[in-house]
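Pasted below: protein-v4.pdb, PDB, C-alpha atoms.
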ATOM      1  CA  MET A   1     -21.147 -25.812  -6.923
ATOM      2  CA  PRO A   2     -24.662 -24.546  -7.778
ATOM      3  CA  ASP A   3     -25.351 -23.836 -11.464
ATOM      4  CA  ASN A   4     -26.142 -20.211 -10.686
ATOM      5  CA  ASP A   5     -22.714 -19.763  -9.043
ATOM      6  CA  GLN A   6     -20.946 -21.282 -12.043
ATOM      7  CA  HIS A   7     -22.844 -18.903 -14.285
ATOM      8  CA  ILE A   8     -21.865 -15.906 -12.143
ATOM      9  CA  ILE A   9     -18.187 -16.950 -12.011
ATOM     10  CA  ALA A  10     -18.038 -17.428 -15.793
ATOM     11  CA  ASP A  11     -19.600 -14.004 -16.378
ATOM     12  CA  LEU A  12     -17.331 -12.325 -13.797
ATOM     13  CA  LYS A  13     -14.326 -13.410 -15.861
ATOM     14  CA  ASP A  14     -15.820 -11.852 -18.991
ATOM     15  CA  GLU A  15     -14.997  -8.115 -19.125
ATOM     16  CA  ASN A  16     -18.222  -7.336 -20.988
ATOM     17  CA  LYS A  17     -20.467  -9.167 -18.533
ATOM     18  CA  ARG A  18     -18.572  -8.416 -15.321
ATOM     19  CA  ASN A  19     -20.765  -5.550 -14.047
ATOM     20  CA  LEU A  20     -23.994  -7.452 -14.563
ATOM     21  CA  ALA A  21     -22.536 -10.623 -13.023
ATOM     22  CA  PHE A  22     -21.394  -8.670  -9.967
ATOM     23  CA  HIS A  23     -24.880  -7.230  -9.601
ATOM     24  CA  MET A  24     -26.243 -10.799  -9.704
ATOM     25  CA  LEU A  25     -23.719 -11.911  -7.095
ATOM     26  CA  VAL A  26     -24.733  -9.079  -4.754
ATOM     27  CA  LYS A  27     -28.424  -9.860  -5.175
ATOM     28  CA  THR A  28     -27.845 -13.584  -4.572
ATOM     29  CA  TYR A  29     -25.645 -13.324  -1.474
ATOM     30  CA  GLN A  30     -26.425  -9.993   0.199
ATOM     31  CA  GLU A  31     -28.971 -11.376   2.675
ATOM     32  CA  ARG A  32     -27.002 -14.465   3.726
ATOM     33  CA  LEU A  33     -23.808 -12.470   4.171
ATOM     34  CA  TYR A  34     -25.635  -9.683   6.001
ATOM     35  CA  TRP A  35     -27.019 -12.079   8.640
ATOM     36  CA  HIS A  36     -23.649 -13.750   9.035
ATOM     37  CA  ILE A  37     -21.985 -10.366   9.589
ATOM     38  CA  ARG A  38     -24.792  -9.053  11.792
ATOM     39  CA  LYS A  39     -24.373 -11.949  14.226
ATOM     40  CA  ILE A  40     -20.713 -11.032  14.603
ATOM     41  CA  VAL A  41     -20.934  -7.228  14.899
ATOM     42  CA  LEU A  42     -24.523  -7.182  16.285
ATOM     43  CA  ASN A  43     -25.361  -3.593  15.323
ATOM     44  CA  HIS A  44     -27.221  -2.908  12.038
ATOM     45  CA  ASP A  45     -25.179   0.168  11.004
ATOM     46  CA  ASP A  46     -21.930  -1.700  11.591
ATOM     47  CA  ALA A  47     -23.244  -4.727   9.691
ATOM     48  CA  ASP A  48     -24.207  -2.475   6.780
ATOM     49  CA  ASP A  49     -20.683  -0.971   6.694
ATOM     50  CA  VAL A  50     -19.028  -4.378   6.846
ATOM     51  CA  LEU A  51     -21.304  -5.819   4.154
ATOM     52  CA  GLN A  52     -20.370  -2.968   1.813
ATOM     53  CA  ASN A  53     -16.681  -3.439   2.626
ATOM     54  CA  THR A  54     -17.066  -7.139   1.907
ATOM     55  CA  PHE A  55     -18.525  -6.615  -1.567
ATOM     56  CA  MET A  56     -15.973  -3.901  -2.343
ATOM     57  CA  LYS A  57     -13.228  -6.376  -1.488
ATOM     58  CA  VAL A  58     -14.909  -9.063  -3.583
ATOM     59  CA  TRP A  59     -15.034  -6.650  -6.549
ATOM     60  CA  ARG A  60     -11.374  -5.723  -6.183
ATOM     61  CA  ASN A  61     -10.260  -9.347  -5.816
ATOM     62  CA  ILE A  62     -12.419 -11.135  -8.347
ATOM     63  CA  ASP A  63      -9.347 -12.052 -10.376
ATOM     64  CA  THR A  64      -7.777 -13.818  -7.399
ATOM     65  CA  PHE A  65     -10.746 -16.150  -6.895
ATOM     66  CA  ARG A  66      -9.688 -19.745  -7.489
ATOM     67  CA  GLU A  67     -12.422 -22.226  -8.205
ATOM     68  CA  GLU A  68     -10.833 -24.669  -5.748
ATOM     69  CA  SER A  69     -13.353 -23.413  -3.174
ATOM     70  CA  SER A  70     -16.984 -22.620  -3.805
ATOM     71  CA  LEU A  71     -18.117 -19.046  -4.345
ATOM     72  CA  PHE A  72     -20.205 -19.329  -1.181
ATOM     73  CA  THR A  73     -17.254 -20.267   1.088
ATOM     74  CA  TRP A  74     -15.014 -17.641  -0.538
ATOM     75  CA  LEU A  75     -17.596 -14.910   0.146
ATOM     76  CA  TYR A  76     -18.187 -16.114   3.721
ATOM     77  CA  ARG A  77     -14.454 -16.115   4.398
ATOM     78  CA  ILE A  78     -14.122 -12.506   3.188
ATOM     79  CA  ALA A  79     -17.181 -11.452   5.209
ATOM     80  CA  THR A  80     -15.831 -13.141   8.359
ATOM     81  CA  ASN A  81     -12.405 -11.521   7.977
ATOM     82  CA  GLU A  82     -13.932  -8.108   7.293
ATOM     83  CA  SER A  83     -16.118  -8.417  10.414
ATOM     84  CA  ILE A  84     -13.160  -9.323  12.620
ATOM     85  CA  THR A  85     -11.048  -6.534  11.121
ATOM     86  CA  PHE A  86     -13.895  -4.089  11.748
ATOM     87  CA  LEU A  87     -14.230  -5.116  15.412
ATOM     88  CA  ASN A  88     -10.471  -4.937  15.936
ATOM     89  CA  SER A  89     -10.300  -1.433  14.482
ATOM     90  CA  LYS A  90     -13.202  -0.329  16.702
ATOM     91  CA  LYS A  91     -11.373  -1.811  19.662
ATOM     92  CA  ARG A  92      -8.190   0.093  18.781
ATOM     93  CA  LYS A  93     -10.049   3.363  18.258
ATOM     94  CA  SER A  94     -11.907   3.149  21.561
ATOM     95  CA  LEU A  95      -8.766   1.898  23.386
ATOM     96  CA  LEU A  96     -10.706  -0.996  24.879
ATOM     97  CA  PRO A  97      -8.825  -3.728  26.742
ATOM     98  CA  LEU A  98      -9.171  -7.159  25.099
ATOM     99  CA  ASN A  99     -11.568  -8.542  27.728
ATOM    100  CA  GLU A 100     -13.948  -5.595  27.358
ATOM    101  CA  GLU A 101     -14.889  -6.356  23.760
ATOM    102  CA  SER A 102     -17.992  -8.168  24.994
ATOM    103  CA  GLU A 103     -19.089  -5.071  26.964
ATOM    104  CA  TYR A 104     -18.689  -2.930  23.875
ATOM    105  CA  LEU A 105     -20.694  -5.403  21.793
ATOM    106  CA  LEU A 106     -23.461  -5.565  24.375
ATOM    107  CA  GLU A 107     -23.732  -1.776  24.513
ATOM    108  CA  ASN A 108     -23.801  -1.790  20.739
ATOM    109  CA  LEU A 109     -26.621  -4.314  20.787
ATOM    110  CA  ALA A 110     -28.617  -2.514  23.475
ATOM    111  CA  SER A 111     -28.436   0.779  21.550
ATOM    112  CA  ASP A 112     -29.432  -0.837  18.259
ATOM    113  CA  PRO A 113     -33.030   0.114  17.330
ATOM    114  CA  TYR A 114     -33.192  -2.907  15.039
ATOM    115  CA  PHE A 115     -32.761  -5.517  17.766
ATOM    116  CA  GLU A 116     -36.180  -7.124  17.960
ATOM    117  CA  GLY A 117     -35.514  -9.966  20.393
ATOM    118  CA  ASP A 118     -37.122 -10.393  23.809
ATOM    119  CA  LYS A 119     -35.349 -10.618  27.193
ATOM    120  CA  ILE A 120     -34.383 -14.246  26.772
ATOM    121  CA  GLN A 121     -32.969 -13.548  23.322
ATOM    122  CA  LEU A 122     -30.976 -10.654  24.750
ATOM    123  CA  LYS A 123     -29.640 -12.945  27.446
ATOM    124  CA  LEU A 124     -28.639 -15.529  24.841
ATOM    125  CA  GLN A 125     -26.757 -12.840  22.902
ATOM    126  CA  GLU A 126     -25.106 -11.767  26.134
ATOM    127  CA  ALA A 127     -23.917 -15.341  26.644
ATOM    128  CA  ILE A 128     -22.639 -15.570  23.069
ATOM    129  CA  VAL A 129     -20.643 -12.305  23.130
ATOM    130  CA  ARG A 130     -18.789 -13.552  26.208
ATOM    131  CA  LEU A 131     -17.370 -16.497  24.244
ATOM    132  CA  PRO A 132     -13.861 -16.338  22.813
ATOM    133  CA  GLU A 133     -13.865 -15.083  19.197
ATOM    134  CA  LYS A 134     -13.405 -18.458  17.468
ATOM    135  CA  GLN A 135     -16.036 -20.195  19.626
ATOM    136  CA  ARG A 136     -18.434 -17.325  18.988
ATOM    137  CA  LEU A 137     -18.036 -17.682  15.225
ATOM    138  CA  VAL A 138     -18.461 -21.457  15.386
ATOM    139  CA  PHE A 139     -21.498 -21.225  17.673
ATOM    140  CA  ASN A 140     -23.286 -18.721  15.411
ATOM    141  CA  MET A 141     -22.566 -20.687  12.250
ATOM    142  CA  LYS A 142     -23.634 -24.011  13.715
ATOM    143  CA  TYR A 143     -26.448 -23.072  16.083
ATOM    144  CA  PHE A 144     -28.235 -20.390  14.025
ATOM    145  CA  ASP A 145     -27.172 -21.111  10.436
ATOM    146  CA  GLU A 146     -26.898 -24.902  10.844
ATOM    147  CA  MET A 147     -23.904 -24.866   8.547
ATOM    148  CA  LYS A 148     -22.044 -28.103   7.725
ATOM    149  CA  TYR A 149     -18.736 -28.607   9.515
ATOM    150  CA  ASP A 150     -16.992 -29.145   6.141
ATOM    151  CA  ASP A 151     -18.076 -25.712   4.911
ATOM    152  CA  MET A 152     -17.145 -24.118   8.233
ATOM    153  CA  ALA A 153     -13.716 -25.769   8.037
ATOM    154  CA  GLU A 154     -13.137 -24.156   4.647
ATOM    155  CA  ILE A 155     -14.384 -20.732   5.735
ATOM    156  CA  LEU A 156     -12.490 -20.621   9.032
ATOM    157  CA  ASP A 157      -9.480 -22.597   7.797
ATOM    158  CA  THR A 158      -9.740 -25.005  10.740
ATOM    159  CA  SER A 159     -10.075 -28.792  10.961
ATOM    160  CA  VAL A 160     -13.504 -30.356  11.437
ATOM    161  CA  GLY A 161     -12.342 -31.954  14.701
ATOM    162  CA  ALA A 162     -11.257 -28.606  16.135
ATOM    163  CA  LEU A 163     -14.563 -27.039  15.091
ATOM    164  CA  LYS A 164     -16.586 -29.779  16.789
ATOM    165  CA  ALA A 165     -14.571 -29.289  19.968
ATOM    166  CA  SER A 166     -15.051 -25.511  19.772
ATOM    167  CA  TYR A 167     -18.814 -25.900  19.354
ATOM    168  CA  HIS A 168     -19.005 -28.336  22.242
ATOM    169  CA  HIS A 169     -17.155 -25.915  24.543
ATOM    170  CA  ALA A 170     -19.256 -22.985  23.335
ATOM    171  CA  VAL A 171     -22.554 -24.786  24.048
ATOM    172  CA  LYS A 172     -21.360 -25.689  27.559
ATOM    173  CA  LYS A 173     -20.359 -22.084  28.306
ATOM    174  CA  VAL A 174     -23.628 -20.656  26.978
ATOM    175  CA  GLU A 175     -25.625 -23.162  29.046
ATOM    176  CA  GLU A 176     -23.583 -22.269  32.113
ATOM    177  CA  PHE A 177     -24.261 -18.554  31.619
ATOM    178  CA  LEU A 178     -28.002 -19.126  31.139
ATOM    179  CA  LYS A 179     -28.184 -21.232  34.294
ATOM    180  CA  ASN A 180     -26.272 -18.691  36.378
ATOM    181  CA  ASN A 181     -28.289 -15.728  35.135
ATOM    182  CA  ASP A 182     -31.748 -17.225  35.342
TER
ATOM    183  CA  MET B   1     -31.663 -32.436  19.139
ATOM    184  CA  ASP B   2     -32.007 -34.872  22.050
ATOM    185  CA  GLU B   3     -28.321 -34.531  22.667
ATOM    186  CA  MET B   4     -28.736 -30.764  22.894
ATOM    187  CA  ARG B   5     -31.681 -31.198  25.302
ATOM    188  CA  ASN B   6     -29.544 -33.406  27.535
ATOM    189  CA  ASN B   7     -26.345 -31.356  27.388
ATOM    190  CA  ALA B   8     -27.877 -27.871  27.364
ATOM    191  CA  PRO B   9     -31.467 -27.926  28.649
ATOM    192  CA  LYS B  10     -31.646 -24.160  29.185
ATOM    193  CA  LEU B  11     -30.375 -23.412  25.684
ATOM    194  CA  SER B  12     -32.741 -25.905  24.076
ATOM    195  CA  GLU B  13     -35.690 -24.171  25.783
ATOM    196  CA  ILE B  14     -34.981 -20.964  23.842
ATOM    197  CA  LYS B  15     -36.835 -20.702  20.562
ATOM    198  CA  LYS B  16     -34.305 -20.637  17.747
ATOM    199  CA  GLU B  17     -35.199 -17.432  15.931
ATOM    200  CA  ASN B  18     -33.471 -14.434  14.471
ATOM    201  CA  PRO B  19     -33.693 -11.569  16.978
ATOM    202  CA  PHE B  20     -32.304  -8.996  14.580
ATOM    203  CA  GLY B  21     -34.201  -6.713  12.252
ATOM    204  CA  THR B  22     -33.341  -4.298   9.448
ATOM    205  CA  PRO B  23     -34.811  -0.992   8.197
ATOM    206  CA  ASP B  24     -37.657  -1.337   5.693
ATOM    207  CA  GLN B  25     -36.568  -2.319   2.189
ATOM    208  CA  TYR B  26     -32.958  -2.490   3.319
ATOM    209  CA  PHE B  27     -32.116  -5.354   0.977
ATOM    210  CA  ASP B  28     -33.985  -3.763  -1.949
ATOM    211  CA  ASP B  29     -31.856  -0.612  -1.691
ATOM    212  CA  PHE B  30     -28.566  -2.199  -0.743
ATOM    213  CA  SER B  31     -27.328  -2.915  -4.255
ATOM    214  CA  ALA B  32     -27.994   0.672  -5.418
ATOM    215  CA  ARG B  33     -26.220   2.126  -2.355
ATOM    216  CA  LEU B  34     -23.267  -0.178  -2.903
ATOM    217  CA  HIS B  35     -22.942   0.912  -6.524
ATOM    218  CA  THR B  36     -23.146   4.581  -5.498
ATOM    219  CA  ARG B  37     -20.309   4.047  -3.008
ATOM    220  CA  MET B  38     -18.238   2.143  -5.560
ATOM    221  CA  ALA B  39     -18.717   4.913  -8.134
ATOM    222  CA  ALA B  40     -17.814   7.578  -5.538
ATOM    223  CA  GLU B  41     -14.642   5.723  -4.555
ATOM    224  CA  ALA B  42     -13.677   5.237  -8.191
ATOM    225  CA  GLN B  43     -14.166   8.971  -8.806
ATOM    226  CA  SER B  44     -12.313  10.067  -5.684
ATOM    227  CA  SER B  45      -9.323   7.919  -6.585
ATOM    228  CA  ALA B  46      -9.159   9.354 -10.132
ATOM    229  CA  PRO B  47      -8.970  13.105  -9.262
ATOM    230  CA  GLN B  48      -6.290  12.359  -6.689
ATOM    231  CA  LYS B  49      -3.829  12.000  -9.548
ATOM    232  CA  SER B  50      -4.823  15.347 -11.050
ATOM    233  CA  ARG B  51      -4.744  16.935  -7.571
ATOM    234  CA  ILE B  52      -1.131  15.819  -7.197
ATOM    235  CA  PHE B  53      -0.433  17.264 -10.642
ATOM    236  CA  GLN B  54      -2.107  20.544  -9.626
ATOM    237  CA  LEU B  55       0.126  20.764  -6.547
ATOM    238  CA  LEU B  56       3.275  20.065  -8.527
ATOM    239  CA  LYS B  57       2.316  22.286 -11.461
ATOM    240  CA  PRO B  58       4.153  25.497 -10.310
ATOM    241  CA  ALA B  59       7.324  23.584  -9.446
ATOM    242  CA  LEU B  60       7.190  21.714 -12.755
ATOM    243  CA  GLY B  61       6.695  25.036 -14.640
ATOM    244  CA  LEU B  62       9.678  26.575 -12.862
ATOM    245  CA  ALA B  63      11.860  23.567 -13.613
ATOM    246  CA  ALA B  64      10.796  23.611 -17.273
ATOM    247  CA  SER B  65      11.548  27.348 -17.712
ATOM    248  CA  PHE B  66      14.954  26.897 -16.029
ATOM    249  CA  ALA B  67      15.723  24.066 -18.429
ATOM    250  CA  VAL B  68      14.759  26.286 -21.390
ATOM    251  CA  VAL B  69      17.012  29.140 -20.190
ATOM    252  CA  VAL B  70      19.919  26.737 -19.720
ATOM    253  CA  MET B  71      19.370  25.336 -23.204
ATOM    254  CA  LEU B  72      19.257  28.842 -24.743
ATOM    255  CA  VAL B  73      22.478  29.975 -23.040
ATOM    256  CA  TYR B  74      24.521  26.837 -22.668
ATOM    257  CA  VAL B  75      23.940  25.161 -26.026
ATOM    258  CA  PRO B  76      25.084  28.115 -28.199
ATOM    259  CA  LEU B  77      28.110  28.602 -25.923
ATOM    260  CA  ARG B  78      28.909  24.940 -26.201
ATOM    261  CA  LEU B  79      28.527  25.061 -29.979
ATOM    262  CA  PHE B  80      30.585  28.185 -30.757
ATOM    263  CA  MET B  81      33.064  28.671 -27.922
ATOM    264  CA  PRO B  82      34.454  25.359 -26.812
ATOM    265  CA  LYS B  83      37.274  24.912 -29.397
ATOM    266  CA  GLU B  84      39.131  28.165 -28.570
ATOM    267  CA  ILE B  85      38.584  27.809 -24.843
ATOM    268  CA  ASN B  86      39.781  24.244 -24.877
ATOM    269  CA  GLN B  87      42.779  24.970 -27.033
ATOM    270  CA  VAL B  88      43.966  27.831 -24.793
ATOM    271  CA  ALA B  89      43.458  25.733 -21.730
ATOM    272  CA  GLN B  90      45.242  22.774 -23.274
ATOM    273  CA  THR B  91      48.189  24.881 -24.502
ATOM    274  CA  SER B  92      48.800  26.554 -21.176
ATOM    275  CA  ASP B  93      48.368  23.277 -19.433
ATOM    276  CA  THR B  94      50.823  21.548 -21.734
ATOM    277  CA  SER B  95      53.517  24.305 -21.570
ATOM    278  CA  ASP B  96      53.316  24.460 -17.772
ATOM    279  CA  ALA B  97      53.410  20.723 -17.523
ATOM    280  CA  GLY B  98      56.338  20.488 -19.950
ATOM    281  CA  PHE B  99      58.333  23.135 -18.088
ATOM    282  CA  LEU B 100      57.731  21.388 -14.775
ATOM    283  CA  ASN B 101      58.754  18.071 -16.300
ATOM    284  CA  ILE B 102      62.052  19.492 -17.487
ATOM    285  CA  ILE B 103      62.784  21.084 -14.103
ATOM    286  CA  GLU B 104      61.930  17.848 -12.298
ATOM    287  CA  LYS B 105      64.217  15.825 -14.538
ATOM    288  CA  ILE B 106      67.288  18.008 -13.772
ATOM    289  CA  ASP B 107      69.095  17.137 -10.560
ATOM    290  CA  GLU B 108      70.225  19.911  -8.234
ATOM    291  CA  GLU B 109      73.941  19.968  -9.150
ATOM    292  CA  SER B 110      73.255  20.084 -12.875
ATOM    293  CA  PHE B 111      70.775  22.866 -12.319
ATOM    294  CA  VAL B 112      73.402  24.993 -10.442
ATOM    295  CA  ALA B 113      76.018  24.236 -13.093
ATOM    296  CA  LEU B 114      73.576  25.290 -15.782
ATOM    297  CA  LEU B 115      72.998  28.566 -14.006
ATOM    298  CA  ASN B 116      76.746  29.152 -13.675
ATOM    299  CA  ASP B 117      77.229  28.378 -17.368
ATOM    300  CA  THR B 118      74.630  30.937 -18.256
ATOM    301  CA  GLU B 119      76.438  33.568 -16.174
ATOM    302  CA  SER B 120      79.815  32.714 -17.737
ATOM    303  CA  GLU B 121      78.384  33.129 -21.244
ATOM    304  CA  ASP B 122      77.963  36.866 -20.566
ATOM    305  CA  GLU B 123      81.698  37.357 -19.920
ATOM    306  CA  PHE B 124      83.960  37.632 -22.998
ATOM    307  CA  THR B 125      87.736  37.737 -23.146
ATOM    308  CA  ASN B 126      89.414  40.537 -25.120
ATOM    309  CA  ASP B 127      90.598  38.130 -27.794
ATOM    310  CA  GLU B 128      87.067  36.769 -28.286
ATOM    311  CA  LEU B 129      85.699  40.261 -28.533
ATOM    312  CA  ALA B 130      88.337  41.350 -31.092
ATOM    313  CA  LEU B 131      87.662  38.239 -33.133
ATOM    314  CA  TYR B 132      83.897  38.888 -33.081
ATOM    315  CA  VAL B 133      84.343  42.549 -34.134
ATOM    316  CA  SER B 134      86.784  41.817 -36.935
ATOM    317  CA  ALA B 135      84.503  39.054 -38.255
ATOM    318  CA  ASN B 136      81.304  41.108 -38.258
ATOM    319  CA  PHE B 137      82.315  44.697 -38.935
ATOM    320  CA  SER B 138      84.481  46.241 -41.681
ATOM    321  CA  ASP B 139      87.235  48.794 -40.967
ATOM    322  CA  TYR B 140      85.092  51.571 -42.449
ATOM    323  CA  GLU B 141      82.127  50.723 -40.127
ATOM    324  CA  LEU B 142      84.440  50.725 -37.148
ATOM    325  CA  TYR B 143      85.958  54.103 -38.156
ATOM    326  CA  GLU B 144      82.481  55.591 -38.733
ATOM    327  CA  ASN B 145      81.290  54.423 -35.277
ATOM    328  CA  LEU B 146      84.294  55.884 -33.567
ATOM    329  CA  THR B 147      84.050  59.299 -35.332
ATOM    330  CA  ASN B 148      80.259  59.573 -34.577
ATOM    331  CA  LYS B 149      80.915  59.380 -30.892
TER
END

Please re-express this file's structure in structure tokens.
Amino acid sequence: MPDNDQHIIADLKDENKRNLAFHMLVKTYQERLYWHIRKIVLNHDDADDVLQNTFMKVWRNIDTFREESSLFTWLYRIATNESITFLNSKKRKSLLPLNEESEYLLENLASDPYFEGDKIQLKLQEAIVRLPEKQRLVFNMKYFDEMKYDDMAEILDTSVGALKASYHHAVKKVEEFLKNND
Amino acid sequence: MDEMRNNAPKLSEIKKENPFGTPDQYFDDFSARLHTRMAAEAQSSAPQKSRIFQLLKPALGLAASFAVVVMLVYVPLRLFMPKEINQVAQTSDTSDAGFLNIIEKIDEESFVALLNDTESEDEFTNDELALYVSANFSDYELYENLTNK
């Protein structure tokens, strides 16, 4: 665990230093968590909501944090769960069938003024949103963030073997989509 | 990387870059906005308790005044009246119960015989009457009674 994380965890357990330590935690992880969330929900406003929800949950559950996992994986796990919960609640509210989640996400992406990618990037995102949820998470974490399988296994609570298989399938499906929509 | 180029040539052609952007100074302001939201949520959860109290206040006031009235009426009554009331109740209860017990214990034949005995007590023979009069009244008293009539 990085020294800075150990420092933050120690201060979070101290009532007198808790507020300052939480501020440090937010400053340290806000960008990394934001990009992780943004790749799942795609839209900036949604990502902003989910990031706030994530830190609120972290604040409320600081006492439940066990140092068995690193602070980084604990935060990523909360952010991932919050993102999925957010998408599920949107799906329920808009009464979307399960297979139309990708359409909703694409519309969300197209209407987002903060999407700065070109046509090919848009097509890549289109391919990614069509993946099943788990494969989509694995693809984003491996392809864009180049995260280690061990860390991903801890965050997603899945074996390394299953993650490698998921990534392999995801890459094949994305390639297939790019070929067919050239 | 070579493996990717072989397995997914189209994907490997795409430049790996972040296509997403954020508003200016988004990350500089985020912490402040988060703290504002946390403070607002902490505040909104605190007045909820007092709002519940405000809603219940009239009902609680009514219940309290009812309790006071009951205390003012019931407690003095309980302190000064109960002995007499209880005694009367107990006495009547006991006498009724005792009477019923006696009646229940007597079988039907004995009860009729008792009634007949009571009737027979009212009838006196002449000899009994003469004996009673001579034992309780003097000759002078008897003469006086007879002359007064």

Spatial neighbours of A:Ala79, max dist 7 Å, all atoms listed in the file, sep filter under 6 positions, as a VMD selection string: chain A and resid 33 37 54

Mind pulling up the distance from atom CA of B:Ala32 to atom CA of A:Arg38?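 Atom CA of B:Ala32 lies at a distance of 20.0 Å from atom CA of A:Arg38.
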
Distance-based interface of chain B with chain A, 12 Å, counting all atoms listed in the file, as an MDAnalysis selection string: chainID B and resid 1 3:39 41:42

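Put simply, atom CA of A:Asp46 is 9.3 Å away from atom CA of A:Asn108.
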
As an exercise, work out the distance from atom CA of A:Leu25 to atom CA of A:Asp5 in Å and give it to one decimal place.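 It comes out at 8.2 Å.
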
Take the PyMOL selection byres ((chain A and resi 85) around 12), apply it to the structure above, and return the hits as a PyMOL selection string. chain A and resi 37+40-41+46+49-50+53-54+78-84+86-92

Neighbouring residues of A:Ile9 were defined as those with any atom within 9 Å, considering all atoms listed in the file; residues of the same chain fewer than 3 positions away were excluded. Please report them as number ranges by chain. A: 4-6, 12-14, 21, 25, 62, 67, 71

Can you pull out every residue within 9 Å of A:Tyr167, counting all atoms listed in the file, but drop anything in the same chain fewer than 3 positions away, and send it as a PyMOL selection string? chain A and resi 135-136+138-139+142-143+162-164+170-172

Any chance you could model N, CA, C and O atoms for stretch 124-136 of chain B and send them as a PDB file, in the coordinates of the input?
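Done, and the output landed in out21.pdb:
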ATOM      1  N   PHE B 124      83.092  37.891 -21.824  1.00  0.00           N
ATOM      2  CA  PHE B 124      83.960  37.632 -22.998  1.00  0.00           C
ATOM      3  C   PHE B 124      85.396  38.052 -22.703  1.00  0.00           C
ATOM      4  O   PHE B 124      85.615  39.077 -22.050  1.00  0.00           O
ATOM      5  N   THR B 125      86.322  37.321 -23.259  1.00  0.00           N
ATOM      6  CA  THR B 125      87.736  37.737 -23.146  1.00  0.00           C
ATOM      7  C   THR B 125      88.010  38.768 -24.242  1.00  0.00           C
ATOM      8  O   THR B 125      87.239  38.872 -25.206  1.00  0.00           O
ATOM      9  N   ASN B 126      89.059  39.501 -24.128  1.00  0.00           N
ATOM     10  CA  ASN B 126      89.414  40.537 -25.120  1.00  0.00           C
ATOM     11  C   ASN B 126      89.657  39.949 -26.504  1.00  0.00           C
ATOM     12  O   ASN B 126      89.282  40.529 -27.522  1.00  0.00           O
ATOM     13  N   ASP B 127      90.305  38.792 -26.515  1.00  0.00           N
ATOM     14  CA  ASP B 127      90.598  38.130 -27.794  1.00  0.00           C
ATOM     15  C   ASP B 127      89.320  37.735 -28.506  1.00  0.00           C
ATOM     16  O   ASP B 127      89.182  37.915 -29.739  1.00  0.00           O
ATOM     17  N   GLU B 128      88.357  37.206 -27.697  1.00  0.00           N
ATOM     18  CA  GLU B 128      87.067  36.769 -28.286  1.00  0.00           C
ATOM     19  C   GLU B 128      86.334  37.979 -28.856  1.00  0.00           C
ATOM     20  O   GLU B 128      85.756  37.911 -29.943  1.00  0.00           O
ATOM     21  N   LEU B 129      86.383  39.042 -28.103  1.00  0.00           N
ATOM     22  CA  LEU B 129      85.699  40.261 -28.533  1.00  0.00           C
ATOM     23  C   LEU B 129      86.313  40.820 -29.828  1.00  0.00           C
ATOM     24  O   LEU B 129      85.592  41.184 -30.775  1.00  0.00           O
ATOM     25  N   ALA B 130      87.633  40.852 -29.904  1.00  0.00           N
ATOM     26  CA  ALA B 130      88.337  41.350 -31.092  1.00  0.00           C
ATOM     27  C   ALA B 130      88.026  40.480 -32.298  1.00  0.00           C
ATOM     28  O   ALA B 130      87.785  40.982 -33.410  1.00  0.00           O
ATOM     29  N   LEU B 131      87.955  39.183 -32.044  1.00  0.00           N
ATOM     30  CA  LEU B 131      87.662  38.239 -33.133  1.00  0.00           C
ATOM     31  C   LEU B 131      86.251  38.460 -33.667  1.00  0.00           C
ATOM     32  O   LEU B 131      86.004  38.450 -34.879  1.00  0.00           O
ATOM     33  N   TYR B 132      85.329  38.667 -32.724  1.00  0.00           N
ATOM     34  CA  TYR B 132      83.897  38.888 -33.081  1.00  0.00           C
ATOM     35  C   TYR B 132      83.757  40.158 -33.906  1.00  0.00           C
ATOM     36  O   TYR B 132      83.094  40.182 -34.935  1.00  0.00           O
ATOM     37  N   VAL B 133      84.456  41.244 -33.449  1.00  0.00           N
ATOM     38  CA  VAL B 133      84.343  42.549 -34.134  1.00  0.00           C
ATOM     39  C   VAL B 133      84.957  42.487 -35.522  1.00  0.00           C
ATOM     40  O   VAL B 133      84.346  42.924 -36.503  1.00  0.00           O
ATOM     41  N   SER B 134      86.137  41.885 -35.613  1.00  0.00           N
ATOM     42  CA  SER B 134      86.784  41.817 -36.935  1.00  0.00           C
ATOM     43  C   SER B 134      86.016  40.943 -37.909  1.00  0.00           C
ATOM     44  O   SER B 134      86.052  41.151 -39.125  1.00  0.00           O
ATOM     45  N   ALA B 135      85.276  39.945 -37.378  1.00  0.00           N
ATOM     46  CA  ALA B 135      84.503  39.054 -38.255  1.00  0.00           C
ATOM     47  C   ALA B 135      83.196  39.706 -38.733  1.00  0.00           C
ATOM     48  O   ALA B 135      82.713  39.409 -39.820  1.00  0.00           O
ATOM     49  N   ASN B 136      82.624  40.566 -37.927  1.00  0.00           N
ATOM     50  CA  ASN B 136      81.304  41.108 -38.258  1.00  0.00           C
ATOM     51  C   ASN B 136      81.303  42.563 -38.743  1.00  0.00           C
ATOM     52  O   ASN B 136      80.287  43.016 -39.267  1.00  0.00           O
TER      53      ASN B 136
END
